[in-house]
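Just target13.txt here, compact mmCIF, C-alpha atoms and all ligand atoms:
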```txt
# COMPACT_ATOMS: atom_id res chain seq x y z
CA MET W 1 0.00 0.00 0.00
CA SER W 2 1.21 3.55 -0.63
CA ILE W 3 2.72 5.26 2.39
CA GLU W 4 0.37 8.29 2.26
CA MET W 5 -2.63 6.10 3.07
CA PRO W 6 -3.73 6.45 6.69
CA LYS W 7 -3.45 3.23 8.65
CA LYS W 8 -6.67 1.27 8.87
CA ARG W 9 -7.61 0.79 12.51
CA ILE W 10 -8.72 -2.78 13.06
CA ALA W 11 -11.06 -4.27 15.66
CA ILE W 12 -10.76 -8.05 15.94
CA PHE W 13 -13.76 -9.64 17.59
CA GLY W 14 -12.58 -13.14 18.47
CA SER W 15 -8.85 -12.35 18.36
CA THR W 16 -7.77 -15.53 20.18
CA GLY W 17 -9.29 -17.95 17.66
CA SER W 18 -7.97 -19.41 14.45
CA ILE W 19 -9.12 -16.47 12.27
CA GLY W 20 -8.26 -13.94 14.99
CA THR W 21 -4.65 -15.07 15.42
CA GLN W 22 -4.10 -15.29 11.66
CA SER W 23 -5.53 -11.78 11.32
CA LEU W 24 -2.92 -10.56 13.78
CA GLU W 25 -0.19 -12.24 11.71
CA VAL W 26 -1.42 -10.32 8.65
CA ILE W 27 -1.47 -7.05 10.60
CA LYS W 28 1.98 -7.71 12.02
CA ALA W 29 3.36 -8.24 8.52
CA ASN W 30 1.86 -4.90 7.36
CA PRO W 31 2.57 -2.38 10.12
CA ASP W 32 2.37 0.56 7.70
CA ALA W 33 -1.11 -0.38 6.57
CA PHE W 34 -2.88 -1.56 9.72
CA GLU W 35 -3.00 -0.99 13.45
CA VAL W 36 -4.96 -2.78 16.15
CA GLU W 37 -7.67 -0.81 17.95
CA ILE W 38 -9.76 -3.47 19.71
CA LEU W 39 -9.27 -7.12 20.67
CA THR W 40 -11.87 -9.41 22.22
CA ALA W 41 -11.76 -12.96 23.57
CA HIS W 42 -14.17 -15.30 25.28
CA ASN W 43 -12.03 -17.29 27.73
CA ASN W 44 -8.39 -17.28 26.75
CA ALA W 45 -7.18 -14.46 29.01
CA GLU W 46 -3.50 -15.45 28.73
CA LEU W 47 -3.48 -15.13 24.95
CA LEU W 48 -5.55 -11.93 25.02
CA ILE W 49 -3.05 -10.38 27.45
CA SER W 50 -0.05 -11.30 25.35
CA GLN W 51 -1.78 -10.01 22.19
CA ALA W 52 -2.62 -6.75 23.97
CA LEU W 53 0.96 -6.31 25.18
CA GLU W 54 2.29 -6.92 21.69
CA PHE W 55 -0.22 -4.86 19.64
CA ASN W 56 -1.13 -2.15 22.16
CA PRO W 57 -4.82 -1.68 21.28
CA ASN W 58 -7.04 1.04 22.68
CA ALA W 59 -9.35 -1.50 24.34
CA VAL W 60 -9.80 -5.21 25.00
CA ASN W 61 -12.75 -7.27 26.17
CA ILE W 62 -12.63 -10.58 28.01
CA VAL W 63 -16.17 -11.94 27.80
CA ASN W 64 -15.79 -14.36 30.71
CA GLU W 65 -16.16 -12.04 33.72
CA ASP W 66 -14.25 -14.43 35.97
CA LYS W 67 -11.12 -13.54 34.01
CA TYR W 68 -11.56 -9.75 34.23
CA GLU W 69 -9.28 -9.19 37.24
CA MET W 70 -6.53 -11.24 35.67
CA VAL W 71 -6.59 -9.21 32.43
CA LYS W 72 -7.00 -5.93 34.28
CA SER W 73 -4.00 -6.48 36.52
CA ALA W 74 -1.80 -7.82 33.70
CA LEU W 75 -2.48 -4.64 31.69
CA ALA W 76 -2.32 -2.27 34.68
CA GLY W 77 0.92 -0.70 33.52
CA THR W 78 -0.53 0.24 30.11
CA ASP W 79 -3.28 2.62 29.05
CA ILE W 80 -5.28 -0.19 27.41
CA LYS W 81 -8.92 -0.07 28.52
CA VAL W 82 -10.18 -3.41 29.80
CA PHE W 83 -13.83 -4.43 29.41
CA SER W 84 -15.64 -7.60 30.34
CA GLY W 85 -18.90 -9.41 29.62
CA GLU W 86 -21.14 -10.07 26.68
CA LEU W 87 -22.76 -6.63 26.65
CA ALA W 88 -19.39 -4.92 26.38
CA LEU W 89 -18.95 -6.56 22.98
CA GLU W 90 -21.67 -4.29 21.62
CA GLU W 91 -20.30 -1.33 23.53
CA LEU W 92 -16.92 -1.83 21.86
CA ALA W 93 -18.48 -2.41 18.45
CA ASP W 94 -20.08 1.01 18.92
CA PHE W 95 -16.68 2.77 19.24
CA ASP W 96 -15.96 5.48 16.65
CA SER W 97 -12.23 4.82 16.77
CA TYR W 98 -11.91 1.83 14.44
CA ASP W 99 -12.41 1.43 10.70
CA VAL W 100 -12.71 -2.30 10.06
CA MET W 101 -14.25 -5.01 12.22
CA ILE W 102 -12.90 -8.50 11.66
CA ALA W 103 -15.92 -10.54 12.73
CA ALA W 104 -14.10 -13.65 13.93
CA ILE W 105 -16.27 -14.80 16.83
CA VAL W 106 -17.66 -18.29 16.28
CA GLY W 107 -21.40 -18.94 16.19
CA PHE W 108 -24.52 -16.96 17.04
CA ALA W 109 -22.55 -14.98 19.65
CA GLY W 110 -21.05 -12.97 16.78
CA LEU W 111 -24.38 -11.62 15.56
CA LYS W 112 -25.03 -8.74 17.98
CA PRO W 113 -21.60 -7.07 17.86
CA THR W 114 -21.45 -7.49 14.08
CA LEU W 115 -24.88 -5.95 13.68
CA LYS W 116 -23.78 -3.03 15.85
CA ALA W 117 -20.75 -2.44 13.61
CA VAL W 118 -23.00 -2.62 10.54
CA GLU W 119 -25.28 0.01 12.09
CA LYS W 120 -22.21 2.20 12.62
CA GLY W 121 -21.38 1.89 8.91
CA LYS W 122 -18.06 0.15 9.57
CA VAL W 123 -16.29 -2.04 7.04
CA ILE W 124 -16.96 -5.63 8.06
CA ALA W 125 -14.42 -8.33 7.21
CA LEU W 126 -16.81 -11.19 7.82
CA ALA W 127 -15.57 -14.60 8.95
CA ASN W 128 -18.53 -15.24 11.27
CA LYS W 129 -20.83 -16.86 8.70
CA GLU W 130 -23.44 -17.64 11.37
CA THR W 131 -24.35 -13.91 11.42
CA LEU W 132 -25.71 -14.22 7.88
CA VAL W 133 -27.12 -17.71 8.38
CA VAL W 134 -29.21 -16.54 11.32
CA ALA W 135 -30.43 -13.13 10.17
CA GLY W 136 -29.04 -12.53 6.68
CA ASP W 137 -32.01 -10.49 5.44
CA ILE W 138 -31.79 -8.03 8.33
CA VAL W 139 -27.99 -7.80 8.33
CA MET W 140 -27.80 -7.14 4.56
CA GLN W 141 -30.63 -4.59 4.69
CA LYS W 142 -28.90 -2.72 7.52
CA ALA W 143 -25.59 -2.88 5.66
CA LEU W 144 -27.26 -1.26 2.67
CA GLU W 145 -28.94 1.44 4.74
CA ASN W 146 -25.74 2.29 6.63
CA LYS W 147 -23.36 1.87 3.67
CA ALA W 148 -21.38 -0.75 5.59
CA PRO W 149 -19.39 -2.87 3.13
CA ILE W 150 -19.39 -6.56 4.05
CA ILE W 151 -16.27 -8.19 2.66
CA PRO W 152 -16.19 -11.95 3.05
CA VAL W 153 -13.28 -13.71 4.75
CA ASP W 154 -14.66 -17.22 4.30
CA SER W 155 -12.37 -18.56 1.55
CA GLU W 156 -15.18 -19.63 -0.81
CA HIS W 157 -16.95 -16.30 -0.55
CA SER W 158 -13.71 -14.37 -0.84
CA ALA W 159 -13.08 -16.35 -4.05
CA ILE W 160 -16.50 -15.39 -5.44
CA PHE W 161 -16.05 -11.79 -4.33
CA GLN W 162 -12.68 -11.69 -6.12
CA CYS W 163 -14.18 -13.26 -9.28
CA LEU W 164 -16.86 -10.54 -9.30
CA VAL W 165 -14.44 -7.61 -9.32
CA GLY W 166 -15.04 -5.73 -12.57
CA GLU W 167 -18.25 -7.64 -13.31
CA SER W 168 -20.83 -5.36 -11.72
CA ARG W 169 -22.84 -5.11 -14.98
CA ASN W 170 -22.80 -8.85 -15.57
CA PRO W 171 -25.42 -10.97 -13.81
CA ILE W 172 -24.32 -14.20 -12.16
CA GLU W 173 -25.82 -17.32 -13.71
CA LYS W 174 -24.68 -19.44 -10.81
CA ILE W 175 -21.89 -19.89 -8.33
CA ILE W 176 -20.09 -23.13 -7.62
CA LEU W 177 -18.92 -23.51 -4.04
CA THR W 178 -16.10 -25.98 -3.68
CA ALA W 179 -15.88 -28.29 -0.66
CA SER W 180 -12.91 -30.40 0.37
CA GLY W 181 -15.24 -33.14 1.57
CA GLY W 182 -13.54 -33.12 4.96
CA PRO W 183 -11.83 -36.04 6.70
CA PHE W 184 -14.68 -38.49 5.98
CA LEU W 185 -14.95 -38.08 2.23
CA GLY W 186 -16.11 -41.40 0.75
CA LYS W 187 -17.13 -42.84 4.13
CA LYS W 188 -20.56 -44.36 4.76
CA PRO W 189 -22.88 -44.36 7.82
CA ASN W 190 -21.57 -47.73 9.06
CA PHE W 191 -18.17 -46.02 9.48
CA LEU W 192 -19.44 -42.64 10.66
CA VAL W 193 -21.50 -44.13 13.48
CA ASN W 194 -18.27 -44.84 15.37
CA VAL W 195 -16.47 -41.59 14.65
CA LYS W 196 -15.14 -39.73 17.69
CA ARG W 197 -14.20 -36.12 18.36
CA ASP W 198 -10.47 -36.46 17.73
CA HIS W 199 -10.98 -38.12 14.39
CA ALA W 200 -13.45 -35.44 13.24
CA LEU W 201 -10.97 -32.73 14.24
CA GLN W 202 -8.37 -33.96 11.71
CA HIS W 203 -9.13 -31.84 8.65
CA PRO W 204 -7.06 -32.84 5.60
CA ASN W 205 -6.37 -29.31 4.22
CA TRP W 206 -7.32 -26.57 6.69
CA SER W 207 -6.43 -25.89 10.32
CA MET W 208 -9.42 -24.16 11.95
CA GLY W 209 -11.38 -23.81 15.20
CA ALA W 210 -13.12 -26.92 16.58
CA LYS W 211 -16.69 -25.98 15.67
CA ILE W 212 -16.07 -25.25 11.99
CA THR W 213 -13.83 -28.32 11.73
CA VAL W 214 -16.69 -30.56 12.87
CA ASP W 215 -19.04 -28.66 10.53
CA SER W 216 -16.62 -29.40 7.69
CA ALA W 217 -16.64 -33.10 8.58
CA THR W 218 -20.48 -33.25 8.57
CA LEU W 219 -20.73 -30.96 5.49
CA MET W 220 -22.91 -28.61 7.56
CA ASN W 221 -20.23 -26.01 6.90
CA LYS W 222 -20.97 -26.14 3.17
CA GLY W 223 -24.68 -25.84 3.89
CA LEU W 224 -24.07 -22.78 6.06
CA GLU W 225 -21.90 -21.38 3.27
CA MET W 226 -24.69 -21.82 0.71
CA ILE W 227 -26.92 -19.69 2.95
CA GLU W 228 -24.11 -17.20 3.53
CA ALA W 229 -23.63 -16.93 -0.26
CA LYS W 230 -27.33 -16.34 -0.87
CA TRP W 231 -27.23 -13.23 1.30
CA LEU W 232 -23.81 -11.92 0.30
CA PHE W 233 -24.40 -12.16 -3.43
CA ASN W 234 -28.20 -11.85 -3.54
CA LEU W 235 -28.76 -15.25 -5.17
CA LYS W 236 -31.69 -17.61 -5.54
CA PRO W 237 -31.19 -21.08 -4.00
CA GLU W 238 -31.06 -22.68 -7.47
CA GLN W 239 -28.12 -20.46 -8.41
CA ILE W 240 -25.90 -22.05 -5.74
CA ASP W 241 -24.13 -25.32 -6.55
CA VAL W 242 -21.69 -27.35 -4.48
CA VAL W 243 -18.96 -29.58 -5.85
CA ILE W 244 -16.44 -31.64 -3.91
CA HIS W 245 -12.87 -30.69 -4.82
CA PRO W 246 -10.59 -32.56 -2.41
CA GLN W 247 -7.42 -30.57 -3.23
CA SER W 248 -8.93 -27.26 -1.92
CA ILE W 249 -7.01 -25.24 -4.52
CA ILE W 250 -9.98 -23.80 -6.41
CA HIS W 251 -11.66 -21.85 -3.63
CA SER W 252 -14.92 -21.33 -5.59
CA MET W 253 -16.20 -20.24 -8.98
CA VAL W 254 -18.67 -17.92 -10.68
CA GLN W 255 -20.46 -18.82 -13.91
CA PHE W 256 -21.72 -15.88 -15.94
CA GLU W 257 -24.60 -15.74 -18.43
CA ASP W 258 -22.32 -16.45 -21.39
CA GLY W 259 -21.28 -19.74 -19.77
CA SER W 260 -17.83 -18.46 -18.90
CA ILE W 261 -16.57 -19.56 -15.48
CA LYS W 262 -14.08 -17.64 -13.34
CA ALA W 263 -12.27 -19.39 -10.50
CA GLN W 264 -10.02 -18.08 -7.77
CA MET W 265 -7.16 -20.36 -6.78
CA GLY W 266 -4.39 -20.58 -4.26
CA LEU W 267 -2.95 -22.75 -1.55
CA PRO W 268 -5.35 -23.30 1.35
CA ASP W 269 -4.26 -20.55 3.75
CA MET W 270 -6.81 -18.28 5.47
CA LYS W 271 -4.25 -15.48 5.72
CA LEU W 272 -4.84 -14.76 2.03
CA PRO W 273 -8.62 -14.07 2.23
CA ILE W 274 -8.06 -12.22 5.52
CA GLN W 275 -5.42 -10.00 3.93
CA TYR W 276 -7.57 -9.47 0.83
CA ALA W 277 -10.52 -8.33 2.96
CA LEU W 278 -8.34 -5.96 4.99
CA GLY W 279 -6.53 -4.51 1.99
CA PHE W 280 -9.53 -4.35 -0.39
CA PRO W 281 -9.63 -2.90 -3.00
CA GLN W 282 -5.84 -3.24 -3.07
CA ARG W 283 -3.87 -6.47 -3.15
CA ILE W 284 -0.93 -6.42 -0.79
CA LYS W 285 2.39 -7.97 -1.73
CA ASN W 286 3.38 -10.80 0.60
CA ASP W 287 5.76 -13.73 0.82
CA PHE W 288 3.23 -16.51 1.46
CA PRO W 289 4.14 -19.79 -0.28
CA ARG W 290 3.03 -19.79 -3.94
CA LEU W 291 0.94 -22.48 -5.63
CA ASN W 292 3.02 -24.73 -7.87
CA PHE W 293 0.73 -26.51 -10.35
CA LYS W 294 3.31 -29.25 -10.88
CA LYS W 295 2.73 -30.34 -7.31
CA TYR W 296 -1.00 -30.61 -8.08
CA PRO W 297 -1.09 -32.48 -11.39
CA THR W 298 -4.74 -33.47 -10.86
CA PHE W 299 -7.81 -31.59 -9.76
CA ASN W 300 -10.78 -33.80 -8.91
CA PHE W 301 -14.45 -32.92 -8.75
CA GLU W 302 -17.37 -35.00 -7.58
CA GLU W 303 -20.96 -34.72 -6.43
CA PRO W 304 -21.43 -34.52 -2.63
CA ASP W 305 -22.84 -37.69 -1.04
CA TYR W 306 -26.16 -36.19 0.09
CA LYS W 307 -27.43 -39.55 1.36
CA THR W 308 -24.61 -39.97 3.85
CA PHE W 309 -23.99 -36.32 4.76
CA ARG W 310 -27.61 -35.37 5.36
CA ASN W 311 -26.76 -32.07 7.03
CA LEU W 312 -26.17 -30.61 3.60
CA GLY W 313 -29.73 -31.50 2.59
CA LEU W 314 -31.11 -30.00 5.81
CA ALA W 315 -29.28 -26.75 5.11
CA ILE W 316 -30.64 -26.72 1.55
CA ASP W 317 -34.15 -27.14 3.02
CA ALA W 318 -33.49 -24.13 5.23
CA LEU W 319 -32.11 -22.18 2.26
CA GLN W 320 -35.20 -22.93 0.17
CA ASN W 321 -37.77 -22.36 2.91
CA GLY W 322 -36.28 -19.13 4.23
CA GLY W 323 -37.89 -17.44 7.26
CA ASN W 324 -36.46 -18.62 10.58
CA LYS W 325 -35.48 -22.09 9.24
CA ALA W 326 -31.77 -21.34 8.90
CA CYS W 327 -31.70 -19.69 12.33
CA VAL W 328 -33.20 -22.85 13.85
CA LEU W 329 -30.84 -25.10 11.87
CA ASN W 330 -27.87 -23.10 13.12
CA ALA W 331 -28.94 -23.11 16.77
CA ALA W 332 -29.60 -26.86 16.82
CA ASN W 333 -26.30 -27.47 15.06
CA GLU W 334 -24.36 -25.37 17.59
CA ILE W 335 -25.84 -27.38 20.47
CA ALA W 336 -25.30 -30.72 18.73
CA VAL W 337 -21.68 -29.92 17.75
CA TRP W 338 -20.97 -28.76 21.30
CA ALA W 339 -22.35 -32.07 22.64
CA PHE W 340 -20.31 -34.04 20.09
CA LEU W 341 -17.13 -32.18 21.08
CA LYS W 342 -17.85 -33.12 24.70
CA ASN W 343 -18.19 -36.78 23.64
CA ARG W 344 -21.84 -36.73 24.73
CA ILE W 345 -23.30 -37.79 21.37
CA GLY W 346 -22.15 -39.62 18.25
CA PHE W 347 -21.31 -38.09 14.89
CA LEU W 348 -24.56 -39.12 13.20
CA ASP W 349 -26.62 -37.85 16.13
CA ILE W 350 -25.71 -34.31 15.07
CA THR W 351 -27.92 -34.63 12.01
CA ALA W 352 -30.75 -36.24 14.00
CA VAL W 353 -30.79 -33.36 16.49
CA VAL W 354 -30.82 -30.73 13.76
CA GLU W 355 -33.58 -32.49 11.84
CA LYS W 356 -35.85 -32.98 14.87
CA THR W 357 -35.36 -29.40 15.99
CA MET W 358 -36.17 -28.06 12.53
CA ASP W 359 -39.39 -30.10 12.54
CA ALA W 360 -40.36 -28.95 16.03
CA ILE W 361 -39.90 -25.18 15.99
CA SER W 362 -42.75 -23.14 14.46
CA PHE W 363 -42.04 -21.56 11.13
CA ILE W 364 -42.00 -17.75 10.89
CA LYS W 365 -41.98 -16.42 7.34
CA ASN W 366 -40.64 -12.90 7.92
CA PRO W 367 -39.07 -12.81 11.39
CA THR W 368 -38.13 -9.58 13.13
CA LEU W 369 -34.72 -9.46 14.79
CA GLN W 370 -36.43 -10.18 18.10
CA GLU W 371 -38.11 -13.22 16.57
CA TYR W 372 -34.76 -14.48 15.31
CA PHE W 373 -33.41 -14.26 18.86
CA GLU W 374 -36.49 -16.09 20.14
CA SER W 375 -36.25 -18.80 17.48
CA ASP W 376 -32.58 -19.26 18.35
CA ALA W 377 -33.35 -19.62 22.06
CA GLU W 378 -36.29 -21.94 21.43
CA ALA W 379 -34.25 -24.16 19.12
CA ARG W 380 -31.34 -24.31 21.59
CA ASN W 381 -33.70 -25.31 24.41
CA PHE W 382 -35.39 -27.93 22.30
CA ALA W 383 -32.09 -29.45 21.14
CA ALA W 384 -30.66 -29.39 24.68
CA THR W 385 -33.76 -31.10 26.08
CA LEU W 386 -33.57 -33.70 23.34
CA LEU W 387 -29.99 -34.38 24.38
CA LYS W 388 -30.84 -34.25 28.09
CA LEU W 389 -28.15 -31.58 28.52
P1 LIG W 401 -12.24 -20.37 17.00
O1 LIG W 401 -13.05 -21.26 17.86
O2 LIG W 401 -10.84 -20.73 16.70
O3 LIG W 401 -12.24 -18.89 17.62
C1 LIG W 401 -13.41 -18.28 18.04
C2 LIG W 401 -13.15 -16.93 18.65
O4 LIG W 401 -14.42 -16.44 19.14
C3 LIG W 401 -12.22 -16.96 19.87
O5 LIG W 401 -11.47 -15.77 19.91
C4 LIG W 401 -13.17 -16.98 21.07
O6 LIG W 401 -12.63 -16.35 22.20
C5 LIG W 401 -14.35 -16.20 20.55
N1 LIG W 401 -15.63 -16.65 21.12
C6 LIG W 401 -16.09 -17.93 21.19
N2 LIG W 401 -17.29 -17.95 21.79
C7 LIG W 401 -17.60 -16.67 22.10
C8 LIG W 401 -18.71 -16.07 22.73
N3 LIG W 401 -19.75 -16.78 23.18
N4 LIG W 401 -18.69 -14.72 22.89
C9 LIG W 401 -17.66 -13.99 22.44
N5 LIG W 401 -16.57 -14.51 21.85
C10 LIG W 401 -16.56 -15.84 21.67
O7 LIG W 401 -13.07 -20.18 15.64
P2 LIG W 401 -12.51 -19.88 14.19
O8 LIG W 401 -12.18 -21.15 13.52
O9 LIG W 401 -11.51 -18.79 14.22
O10 LIG W 401 -13.84 -19.35 13.46
C11 LIG W 401 -14.36 -18.06 13.70
C12 LIG W 401 -15.46 -17.81 12.67
O11 LIG W 401 -14.86 -17.78 11.37
C13 LIG W 401 -16.52 -18.90 12.60
O12 LIG W 401 -17.76 -18.32 12.35
C14 LIG W 401 -16.09 -19.75 11.43
O13 LIG W 401 -17.17 -20.38 10.80
C15 LIG W 401 -15.48 -18.72 10.51
N6 LIG W 401 -14.47 -19.24 9.60
C16 LIG W 401 -13.34 -19.78 10.11
C17 LIG W 401 -12.37 -20.30 9.25
C18 LIG W 401 -11.08 -20.87 9.77
O14 LIG W 401 -10.21 -21.19 9.00
N7 LIG W 401 -10.90 -20.99 11.07
C19 LIG W 401 -12.60 -20.27 7.88
C20 LIG W 401 -13.77 -19.70 7.39
C21 LIG W 401 -14.69 -19.18 8.27
MG MG W 402 -15.25 -21.76 3.98
```

Would you kindly transcribe this structure into structure tokens?
Ligand code: NAD
Ligand code: MG
Amino acid sequence: MSIEMPKKRIAIFGSTGSIGTQSLEVIKANPDAFEVEILTAHNNAELLISQALEFNPNAVNIVNEDKYEMVKSALAGTDIKVFSGELALEELADFDSYDVMIAAIVGFAGLKPTLKAVEKGKVIALANKETLVVAGDIVMQKALENKAPIIPVDSEHSAIFQCLVGESRNPIEKIILTASGGPFLGKKPNFLVNVKRDHALQHPNWSMGAKITVDSATLMNKGLEMIEAKWLFNLKPEQIDVVIHPQSIIHSMVQFEDGSIKAQMGLPDMKLPIQYALGFPQRIKNDFPRLNFKKYPTFNFEEPDYKTFRNLGLAIDALQNGGNKACVLNAANEIAVWAFLKNRIGFLDITAVVEKTMDAISFIKNPTLQEYFESDAEARNFAATLLKL
């Protein structure tokens, strides 16, 4: 970036996670372009403290109030403001003093602070796909009203976003989301019934937080991404295709009305879409490893196994039905994945919980924000009761 540009002041919500820590690596590599204004974490006070000491933000938030004293006293010698609790997330999102929010909290918990930043007209570098899955219509409407650009960080959506640069007059015929297939590609229910947490956490191509890694193994992640894509790119469900591409080199594709297809490619490394979102509209020179096609002589593509990985079908149901369906799907999935990670339920039970919850919760065609919150709470309660949690 040119030196005359003012530094972009970055707020990382979820700075201690996989996306959060990689965002800090990108910022650290570009000290002339970016500076850290806000950092937030849920539980990991030690990491939040060390990040704060290294990047010297204006403010930090530790959501878990039991850890407040620890963070406060560790940062006592600095002028970093220390906040705590869930409500403070929205308070910080309301600050005037940052330019870009990296929405890197996992799950429904990311919705409120992200919405606050949208209402402030901030640039949103969006990793937290659940925000759009839960309340995509409201979030996109508010983004439009407040001129808040939402730039995707999710690699597939970043790929589509990059393919669309320069194409604003050209309608999309369809998009093709690629999926690695996860660690259980080709496996059948008789194998999956015995799968345990540690096995599901071994993703072949990407290193990510636990929740999204399980979602990748069940293919729920791809379902959530279809819904995310609908809102980001204003698409009809039938314009969104999924293809399994085990090499994870083509990050996704756009097909235009003349049949031409554009793809964005690269090695699987989230730092690239993070950096693209932060630098947009400029590309920033870096020294990340380059893709060497000779090391990837074959690209494979196949149809997802919808019969085995039924979560994908459930997400497509939610995509087609609209209303509060995706919100309910997401809530039930968060509870079920949490239970799976605690070894309380089996891998295939995740789908059963999501399906039963989607059947049980009443359908609302055009929910208000309040109704989305209520549907989320209702679905969580139902799923938890089902699991005797
Ligand atoms: P992670 O679990 O590694 O990190 C989550 C972050 O959110 C942590 O900083 C944690 O402190 C914070 N957090 C968790 N629960 C919270 C709560 N209740 N309130 C406030 N903060 C909370 O997750 P991740 O893998 O970095 O994923 C973050 C988001 O990015 C997810 O929505 C995920 O789907 C999306 N995403 C991640 C990747 C990836 O490579 N990790 C890729 C694409 C999209
Ligand atoms: Mg993705």

Could you check the closest approach to Lys262 (chain W) for each of W:Ile160, W:Ala29, W:Val36, W:Ile102 and tell me which residue wins, using all atoms listed in the file?
W:Ile160

Would you list the contacts of Ile150 (chain W) as JSON, numbers by chain, taking every protein, DNA or RNA residue within 8 Å and counting only C-alpha atoms, but skipping same-chain residues closer than 2 positions in sequence?
{"W": [123, 124, 125, 126, 143, 148, 152, 232]}

Could you save those same residues with C-alpha atoms as a tab-separated table (two decimals), keeping the file's coordinate frame?
```tsv
chain	number	residue	atom	x	y	z
W	123	VAL	CA	-16.29	-2.04	7.04
W	124	ILE	CA	-16.96	-5.63	8.06
W	125	ALA	CA	-14.42	-8.33	7.21
W	126	LEU	CA	-16.81	-11.19	7.82
W	143	ALA	CA	-25.59	-2.88	5.66
W	148	ALA	CA	-21.38	-0.75	5.59
W	152	PRO	CA	-16.19	-11.95	3.05
W	232	LEU	CA	-23.81	-11.92	0.30
```

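Note that the spacing between CA of Glu145 (chain W) and CA of Val165 (chain W) amounts to 22.1 Å.
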
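Distances to Val242 (chain W) were evaluated for W:Lys122, W:Lys174, W:His199, W:Arg169 using all atoms listed in the file, and the minimum falls at W:Lys174.
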
Using all atoms listed in the file, which of W:Ile176, W:Val82, W:Leu319, W:Ile350 sits nearest Thr218 (chain W)?
W:Ile350

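Here CA of Trp231 (chain W) and CA of Asp96 (chain W) stand 26.7 Å from one another.
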
Taking only residues of chain W that have an atom at most 9 Å from an atom of ligand LIG 401 (chain W), what is each one's shortest atom pair and its distance in Å to one decimal, using all atoms listed in the file, in chain and number order, as CSV?
```
residue,atom,partner,partner_atom,distance
W:Ile12,CA,W:LIG401,O5,8.7
W:Phe13,CA,W:LIG401,O5,6.9
W:Gly14,CA,W:LIG401,O5,3.2
W:Ser15,CA,W:LIG401,O5,4.6
W:Thr16,CA,W:LIG401,O5,3.7
W:Gly17,CA,W:LIG401,O3,3.1
W:Ser18,CA,W:LIG401,O9,3.6
W:Ile19,CA,W:LIG401,O9,3.9
W:Gly20,CA,W:LIG401,O9,5.9
W:Thr21,CA,W:LIG401,O9,7.9
W:Gln22,CA,W:LIG401,O9,8.6
W:Leu39,CA,W:LIG401,O5,9.0
W:Thr40,CA,W:LIG401,O5,6.8
W:Ala41,CA,W:LIG401,O6,3.8
W:His42,CA,W:LIG401,O6,3.6
W:Asn43,CA,W:LIG401,O6,5.6
W:Asn44,CA,W:LIG401,O6,6.3
W:Ala45,CA,W:LIG401,O6,8.9
W:Leu48,CA,W:LIG401,O5,8.7
W:Ile62,CA,W:LIG401,O6,8.2
W:Val63,CA,W:LIG401,C9,5.9
W:Asn64,CA,W:LIG401,N4,8.3
W:Gly85,CA,W:LIG401,N4,8.6
W:Glu86,CA,W:LIG401,N4,6.5
W:Leu89,CA,W:LIG401,C9,7.6
W:Ala103,CA,W:LIG401,C12,7.3
W:Ala104,CA,W:LIG401,C11,4.4
W:Ile105,CA,W:LIG401,O4,3.4
W:Val106,CA,W:LIG401,C13,3.9
W:Gly107,CA,W:LIG401,O12,5.3
W:Phe108,CA,W:LIG401,N3,7.8
W:Ala109,CA,W:LIG401,N3,4.9
W:Gly110,CA,W:LIG401,C9,6.7
W:Leu126,CA,W:LIG401,O11,7.7
W:Ala127,CA,W:LIG401,O11,4.1
W:Asn128,CA,W:LIG401,O12,3.4
W:Lys129,CA,W:LIG401,O12,5.0
W:Glu130,CA,W:LIG401,O12,5.8
W:Thr131,CA,W:LIG401,O12,8.0
W:Val153,CA,W:LIG401,C20,6.6
W:Asp154,CA,W:LIG401,C20,4.1
W:Ser155,CA,W:LIG401,C20,6.1
W:Glu156,CA,W:LIG401,C20,8.3
W:Trp206,CA,W:LIG401,O14,6.5
W:Ser207,CA,W:LIG401,O14,6.2
W:Met208,CA,W:LIG401,N7,3.6
W:Gly209,CA,W:LIG401,O8,3.2
W:Ala210,CA,W:LIG401,O1,5.8
W:Lys211,CA,W:LIG401,O1,6.4
W:Ile212,CA,W:LIG401,O13,5.1
W:Thr213,CA,W:LIG401,O8,7.6
W:Asp215,CA,W:LIG401,O13,8.5
W:Asn221,CA,W:LIG401,O13,7.5
W:Leu224,CA,W:LIG401,O13,8.7
W:Glu225,CA,W:LIG401,O13,8.9
W:Asp269,CA,W:LIG401,O14,8.0
W:Met270,CA,W:LIG401,O14,5.7
W:Lys271,CA,W:LIG401,O14,8.9
```

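One finds CA of Ala117 (chain W) at 21.1 Å from CA of Asp376 (chain W).
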